[in-house]
file protein-v6.cif (mmCIF, C-alpha atoms)
data_query
loop_
_atom_site.label_atom_id
_atom_site.label_comp_id
_atom_site.auth_asym_id
_atom_site.auth_seq_id
_atom_site.Cartn_x
_atom_site.Cartn_y
_atom_site.Cartn_z
CA MET A 1 61.30 -8.93 -68.80
CA ALA A 2 60.24 -12.14 -67.14
CA VAL A 3 56.90 -12.21 -65.53
CA HIS A 4 56.53 -14.57 -62.60
CA ASP A 5 53.08 -15.89 -61.96
CA HIS A 6 52.71 -16.16 -58.17
CA THR A 7 50.29 -18.90 -57.41
CA ARG A 8 47.75 -17.98 -54.68
CA ARG A 9 46.80 -20.64 -52.23
CA PRO A 10 43.13 -21.37 -52.05
CA ALA A 11 41.53 -20.16 -48.84
CA GLY A 12 40.02 -23.55 -48.15
CA PHE A 13 38.13 -24.35 -44.94
CA ARG A 14 39.39 -23.05 -41.64
CA PHE A 15 38.16 -23.96 -38.18
CA PRO A 16 36.99 -21.01 -36.10
CA SER A 17 39.43 -19.74 -33.53
CA ARG A 18 38.69 -20.82 -29.99
CA ARG A 19 39.92 -17.50 -28.73
CA GLY A 20 37.47 -15.65 -30.96
CA SER A 21 34.60 -17.91 -29.96
CA ARG A 22 35.34 -17.44 -26.30
CA ARG A 23 35.59 -13.69 -26.73
CA ALA A 24 32.26 -13.57 -28.59
CA ALA A 25 30.62 -15.78 -25.98
CA ALA A 26 31.94 -13.59 -23.17
CA THR A 27 30.70 -10.47 -24.93
CA THR A 28 27.26 -12.02 -25.45
CA THR A 29 27.08 -13.13 -21.81
CA THR A 30 28.10 -9.68 -20.57
CA ALA A 31 25.54 -8.00 -22.80
CA ALA A 32 22.82 -10.39 -21.63
CA THR A 33 23.75 -9.86 -17.98
CA THR A 34 23.72 -6.09 -18.44
CA THR A 35 20.33 -6.20 -20.14
CA THR A 36 18.90 -8.47 -17.45
CA GLY A 37 20.28 -6.25 -14.70
CA ALA A 38 18.86 -3.13 -16.32
CA THR A 39 15.48 -4.79 -16.77
CA THR A 40 15.45 -5.95 -13.15
CA THR A 41 16.39 -2.48 -11.91
CA THR A 42 13.69 -0.85 -14.04
CA ALA A 43 11.07 -3.33 -12.80
CA ALA A 44 12.10 -2.77 -9.18
CA THR A 45 11.91 1.01 -9.60
CA THR A 46 8.49 0.78 -11.25
CA ALA A 47 7.22 -1.49 -8.47
CA ALA A 48 8.54 0.84 -5.77
CA ARG A 49 6.90 3.87 -7.38
CA THR A 50 3.63 2.01 -7.85
CA LEU A 51 3.54 1.06 -4.18
CA ALA A 52 4.44 4.62 -3.21
CA GLY A 53 1.53 5.88 -5.30
CA LEU A 54 -0.81 3.38 -3.62
CA ARG A 55 0.49 4.50 -0.23
CA ILE A 56 -0.18 8.16 -0.94
CA LEU A 57 -3.66 7.53 -2.36
CA THR A 58 -4.61 5.36 0.61
CA GLY A 59 -3.30 8.01 2.98
CA LEU A 60 -5.46 10.63 1.30
CA VAL A 61 -8.53 8.41 1.80
CA PHE A 62 -7.95 8.28 5.56
CA LEU A 63 -7.00 11.95 5.84
CA TRP A 64 -10.03 13.07 3.82
CA ALA A 65 -12.34 11.06 6.07
CA PHE A 66 -10.81 12.78 9.10
CA LEU A 67 -11.17 16.28 7.61
CA ASP A 68 -14.72 15.77 6.37
CA LYS A 69 -15.88 14.41 9.72
CA THR A 70 -14.05 17.20 11.55
CA PHE A 71 -15.28 20.18 9.55
CA GLY A 72 -18.48 18.92 7.89
CA TRP A 73 -17.56 19.47 4.25
CA GLU A 74 -20.99 18.25 3.10
CA TYR A 75 -19.80 14.95 1.67
CA ALA A 76 -20.27 12.18 4.22
CA THR A 77 -20.79 14.80 6.94
CA PRO A 78 -23.38 17.59 6.55
CA ALA A 79 -22.49 21.23 7.17
CA GLY A 80 -22.76 22.06 10.86
CA GLY A 81 -22.47 18.39 11.80
CA GLY A 82 -18.68 18.26 11.99
CA TRP A 83 -16.71 17.34 15.05
CA VAL A 84 -15.71 20.97 15.62
CA ASP A 85 -19.41 21.91 15.62
CA GLY A 86 -20.21 19.45 18.38
CA GLY A 87 -21.21 16.54 16.17
CA SER A 88 -20.16 12.98 16.91
CA PRO A 89 -18.11 11.16 14.26
CA THR A 90 -19.30 7.76 15.49
CA GLU A 91 -22.89 8.27 16.58
CA GLY A 92 -24.47 8.35 13.14
CA PHE A 93 -22.74 5.21 11.92
CA LEU A 94 -22.72 3.07 15.05
CA SER A 95 -26.26 3.92 16.16
CA HIS A 96 -27.59 2.63 12.82
CA VAL A 97 -25.85 -0.75 12.95
CA SER A 98 -28.64 -3.26 12.44
CA VAL A 99 -26.89 -6.53 11.73
CA GLY A 100 -24.35 -8.88 13.24
CA PRO A 101 -23.58 -10.23 16.71
CA LEU A 102 -22.01 -6.93 17.88
CA GLU A 103 -25.06 -4.79 17.11
CA ASP A 104 -25.84 -3.96 20.77
CA THR A 105 -22.16 -3.35 21.53
CA PHE A 106 -21.83 -0.81 18.74
CA HIS A 107 -25.04 0.91 19.85
CA GLY A 108 -23.52 1.29 23.30
CA TRP A 109 -20.36 2.84 21.87
CA ALA A 110 -22.16 5.29 19.58
CA GLY A 111 -21.40 8.88 20.49
CA ASP A 112 -19.11 8.08 23.43
CA ALA A 113 -16.23 10.53 23.75
CA TRP A 114 -13.61 7.78 23.91
CA ALA A 115 -14.99 6.21 20.71
CA ASP A 116 -14.99 9.58 18.90
CA TRP A 117 -11.44 10.44 19.94
CA THR A 118 -10.07 6.96 19.22
CA PHE A 119 -11.68 6.85 15.79
CA MET A 120 -10.67 10.35 14.75
CA LEU A 121 -7.11 10.16 16.02
CA GLY A 122 -6.79 6.80 14.28
CA LEU A 123 -7.91 8.29 10.96
CA LEU A 124 -5.51 11.22 11.34
CA ALA A 125 -2.53 9.13 12.46
CA ILE A 126 -2.95 6.51 9.73
CA GLY A 127 -3.44 9.17 7.06
CA LEU A 128 -0.35 11.13 8.06
CA ALA A 129 1.77 8.00 8.46
CA LEU A 130 0.87 6.82 4.98
CA LEU A 131 1.45 10.21 3.37
CA GLY A 132 4.83 10.57 5.09
CA GLY A 133 5.84 6.94 4.59
CA VAL A 134 6.69 6.53 8.28
CA ALA A 135 5.53 4.15 11.02
CA LEU A 136 3.86 1.97 8.40
CA ARG A 137 3.85 -1.06 10.69
CA LEU A 138 1.86 0.82 13.31
CA ALA A 139 -0.41 2.23 10.63
CA ALA A 140 -1.02 -1.25 9.25
CA ALA A 141 -1.81 -2.67 12.70
CA GLY A 142 -4.11 0.18 13.69
CA GLY A 143 -5.77 0.34 10.29
CA THR A 144 -6.41 -3.39 10.26
CA VAL A 145 -8.13 -3.22 13.67
CA MET A 146 -10.23 -0.26 12.50
CA MET A 147 -11.23 -2.04 9.27
CA ALA A 148 -12.06 -5.22 11.20
CA LEU A 149 -14.43 -3.30 13.49
CA MET A 150 -16.08 -1.54 10.57
CA TRP A 151 -16.43 -4.88 8.77
CA ALA A 152 -18.09 -6.31 11.89
CA ALA A 153 -20.45 -3.30 12.03
CA GLU A 154 -21.64 -3.96 8.48
CA TRP A 155 -21.43 -7.76 8.91
CA PRO A 156 -21.56 -8.76 5.23
CA LEU A 157 -22.12 -12.40 6.19
CA ASP A 158 -25.83 -11.79 6.72
CA GLN A 159 -28.18 -11.36 3.76
CA THR A 160 -30.84 -9.57 5.82
CA LEU A 161 -30.87 -6.85 8.47
CA ALA A 162 -32.59 -6.96 11.84
CA ASP A 163 -35.84 -5.63 10.31
CA GLY A 164 -35.84 -8.31 7.63
CA SER A 165 -34.77 -6.07 4.73
CA LEU A 166 -31.93 -7.08 2.44
CA SER A 167 -28.48 -6.15 3.70
CA MET A 168 -27.29 -5.53 0.12
CA SER A 169 -24.05 -7.29 0.93
CA THR A 170 -22.04 -7.76 -2.26
CA ASN A 171 -19.73 -10.43 -0.84
CA PRO A 172 -20.07 -12.39 2.40
CA LEU A 173 -16.36 -12.22 3.23
CA ILE A 174 -14.25 -9.91 1.07
CA ASP A 175 -15.41 -6.29 0.97
CA TYR A 176 -13.59 -2.98 0.76
CA HIS A 177 -12.61 -3.09 4.45
CA VAL A 178 -10.65 -6.29 3.84
CA ILE A 179 -9.00 -4.78 0.76
CA TYR A 180 -7.93 -1.68 2.71
CA ALA A 181 -6.47 -3.83 5.48
CA ALA A 182 -4.60 -6.00 2.96
CA ALA A 183 -3.23 -2.87 1.25
CA LEU A 184 -1.98 -1.46 4.55
CA ILE A 185 -0.23 -4.72 5.42
CA ALA A 186 1.32 -4.97 1.95
CA LEU A 187 2.63 -1.40 2.11
CA ALA A 188 4.27 -2.00 5.47
CA ALA A 189 5.76 -5.33 4.37
CA ALA A 190 7.15 -3.80 1.16
CA HIS A 191 8.76 -0.87 3.00
CA ALA A 192 6.79 1.44 0.73
CA GLY A 193 7.87 4.57 2.60
CA ALA A 194 11.38 4.40 1.13
CA THR A 195 10.17 5.86 -2.19
CA TRP A 196 8.60 9.34 -2.17
CA GLY A 197 8.54 9.20 1.61
CA LEU A 198 10.43 10.05 4.76
CA ALA A 199 11.24 6.48 5.80
CA GLY A 200 15.00 7.04 5.52
CA ARG A 201 15.02 9.97 7.94
CA TRP A 202 12.46 8.34 10.21
CA GLU A 203 14.44 5.11 10.58
CA ARG A 204 17.61 7.02 11.47
CA LEU A 205 15.98 8.38 14.62
CA PRO A 206 17.49 6.69 17.71
CA VAL A 207 14.12 5.66 19.13
CA VAL A 208 13.12 4.04 15.84
CA ARG A 209 16.47 2.25 15.46
CA ASP A 210 15.97 0.73 18.92
CA ALA A 211 12.34 -0.24 18.26
CA PRO A 212 11.85 -1.84 14.80
CA TRP A 213 8.09 -2.00 15.34
CA LEU A 214 8.01 1.78 14.94
CA ARG A 215 9.17 1.56 11.32
#

call {"tool": "encode", "arguments": {"input": "protein-v6.cif", "output": "structure tokens"}}
result
Amino acid sequence: MAVHDHTRRPAGFRFPSRRGSRRAAATTTTAATTTTGATTTTAATTAARTLAGLRILTGLVFLWAFLDKTFGWEYATPAGGGWVDGGSPTEGFLSHVSVGPLEDTFHGWAGDAWADWTFMLGLLAIGLALLGGVALRLAAAGGTVMMALMWAAEWPLDQTLADGSLSMSTNPLIDYHVIYAAALIALAAAHAGATWGLAGRWERLPVVRDAPWLR
């Protein structure tokens, strides 16, 4: 029997296939795009939830202030000194203003019915708007005005009070009133009511659709 020795060709060097390279490149690009998209979506979701959490916490601050001043829960307002007991939510604070160019003006407002109602309704409206995630633009505008007036009442620019004692101001410009105002504006600008809020339903109301400033 004859045995034939079949010679095998050496593999040698072969150039990579362009089709394979293109397919690999396309696969890599698709995978990278998918990863980037997923990362972006995750970051956006995290940011939205973080802002929603900030919105709810800020709303609770305003709502708590309203409830404590209304019912005298013995935190900032003593028992029996609540609004429902005949106490004034503004008299104690405004009558003790002792610094700044608006000192006499605030003294004149202290205890007035219009000042009490405006202040308390403002606290309630801002608190509820933030908790519900609705009318954030109005809440930001009203809250900024309220914080500006409270900033002016404490007037952190001065180092001393009218009696010469130290004002204990920690910063001449940026205090917690400014931070609250900035937070309110940021929440409204970021449409923070869309997550964990009622913004979707609120904005579908005909009156809100016709008046964007109510959003």

call {"tool": "atom_distance", "arguments": {"input": "protein-v6.cif", "atom1": "atom CA of Ala139 of chain A", "atom2": "atom CA of Trp117 of chain A"}}
result
16.6 Å

call {"tool": "residues_around", "arguments": {"input": "protein-v6.cif", "residues": "Leu136 of chain A", "least_positions_apart": "3", "cutoff": "8 Å", "atoms": "all atoms listed in the file", "output": "list in words"}}
result
Ala129, Leu130, Gly133, Ala139, Ala140, Leu184, Leu187, Ala188, His191, Gly193, Leu214 and Arg215 of chain A

call {"tool": "resolve_selection", "arguments": {"input": "protein-v6.cif", "expression": "the PyMOL selection byres ((chain A and resi 181) around 8)", "output": "ChimeraX atom specification"}}
result
/A:140,143-144,147,177-180,182-185

call {"tool": "write_last_selection", "arguments": {"input": "protein-v6.cif", "atoms": "C-alpha atoms", "output": "PDB file, keeping the file's coordinate frame"}}
result
ATOM      1  CA  ALA A 140      -1.020  -1.250   9.250  1.00  0.00           C
ATOM      2  CA  GLY A 143      -5.770   0.340  10.290  1.00  0.00           C
ATOM      3  CA  THR A 144      -6.410  -3.390  10.260  1.00  0.00           C
ATOM      4  CA  MET A 147     -11.230  -2.040   9.270  1.00  0.00           C
ATOM      5  CA  HIS A 177     -12.610  -3.090   4.450  1.00  0.00           C
ATOM      6  CA  VAL A 178     -10.650  -6.290   3.840  1.00  0.00           C
ATOM      7  CA  ILE A 179      -9.000  -4.780   0.760  1.00  0.00           C
ATOM      8  CA  TYR A 180      -7.930  -1.680   2.710  1.00  0.00           C
ATOM      9  CA  ALA A 182      -4.600  -6.000   2.960  1.00  0.00           C
ATOM     10  CA  ALA A 183      -3.230  -2.870   1.250  1.00  0.00           C
ATOM     11  CA  LEU A 184      -1.980  -1.460   4.550  1.00  0.00           C
ATOM     12  CA  ILE A 185      -0.230  -4.720   5.420  1.00  0.00           C
TER      13      ILE A 185
END

call {"tool": "closest_atom_pairs", "arguments": {"input": "protein-v6.cif", "of": "segment 72-153 of chain A", "to": "segment 42-59 of chain A", "cutoff": "7 Å", "atoms": "only C-alpha atoms", "output": "Markdown table"}}
result
| residue | atom | partner | partner_atom | distance |
| --- | --- | --- | --- | --- |
| A:Ile126 | CA | A:Gly59 | CA | 6.9 |
| A:Gly127 | CA | A:Gly59 | CA | 4.2 |
| A:Leu128 | CA | A:Gly59 | CA | 6.7 |
| A:Leu130 | CA | A:Gly59 | CA | 4.8 |
| A:Leu131 | CA | A:Ile56 | CA | 5.0 |

call {"tool": "atom_distance", "arguments": {"input": "protein-v6.cif", "atom1": "atom CA of Gly92 of chain A", "atom2": "atom CA of Gly142 of chain A"}}
result
21.9 Å

call {"tool": "closest_residue", "arguments": {"input": "protein-v6.cif", "among": "A:Thr118, A:Thr41, A:Thr105, A:Ser95", "to": "Phe66 of chain A", "atoms": "only C-alpha atoms"}}
result
A:Thr118

call {"tool": "closest_residue", "arguments": {"input": "protein-v6.cif", "among": "A:Thr40, A:Thr70, A:Ser169, A:Thr160", "to": "Leu124 of chain A", "atoms": "only C-alpha atoms"}}
result
A:Thr70

call {"tool": "closest_residue", "arguments": {"input": "protein-v6.cif", "among": "A:Ala152, A:Leu157, A:Val61, A:Met120", "to": "Phe106 of chain A", "atoms": "all atoms listed in the file"}}
result
A:Ala152

call {"tool": "decode", "arguments": {"input": "protein-v6.cif", "residues": "segment 64-81 of chain A", "atoms": "C-alpha atoms", "output": "PDB file, in the first residue's frame"}}
result
ATOM      1  CA  TRP A  64     -42.955  72.545  61.137  1.00  0.00           C
ATOM      2  CA  ALA A  65     -42.424  76.258  61.743  1.00  0.00           C
ATOM      3  CA  PHE A  66     -46.082  76.876  60.875  1.00  0.00           C
ATOM      4  CA  LEU A  67     -47.366  74.108  63.173  1.00  0.00           C
ATOM      5  CA  ASP A  68     -45.142  75.036  66.111  1.00  0.00           C
ATOM      6  CA  LYS A  69     -46.132  78.701  65.916  1.00  0.00           C
ATOM      7  CA  THR A  70     -49.791  77.753  65.518  1.00  0.00           C
ATOM      8  CA  PHE A  71     -50.122  75.266  68.368  1.00  0.00           C
ATOM      9  CA  GLY A  72     -47.215  76.134  70.683  1.00  0.00           C
ATOM     10  CA  TRP A  73     -45.413  72.796  70.709  1.00  0.00           C
ATOM     11  CA  GLU A  74     -42.811  74.112  73.172  1.00  0.00           C
ATOM     12  CA  TYR A  75     -39.950  74.289  70.699  1.00  0.00           C
ATOM     13  CA  ALA A  76     -39.633  77.813  69.324  1.00  0.00           C
ATOM     14  CA  THR A  77     -43.099  78.630  70.693  1.00  0.00           C
ATOM     15  CA  PRO A  78     -43.984  78.015  74.364  1.00  0.00           C
ATOM     16  CA  ALA A  79     -47.138  76.162  75.369  1.00  0.00           C
ATOM     17  CA  GLY A  80     -50.100  78.523  75.480  1.00  0.00           C
ATOM     18  CA  GLY A  81     -48.317  81.009  73.231  1.00  0.00           C
TER      19      GLY A  81
END
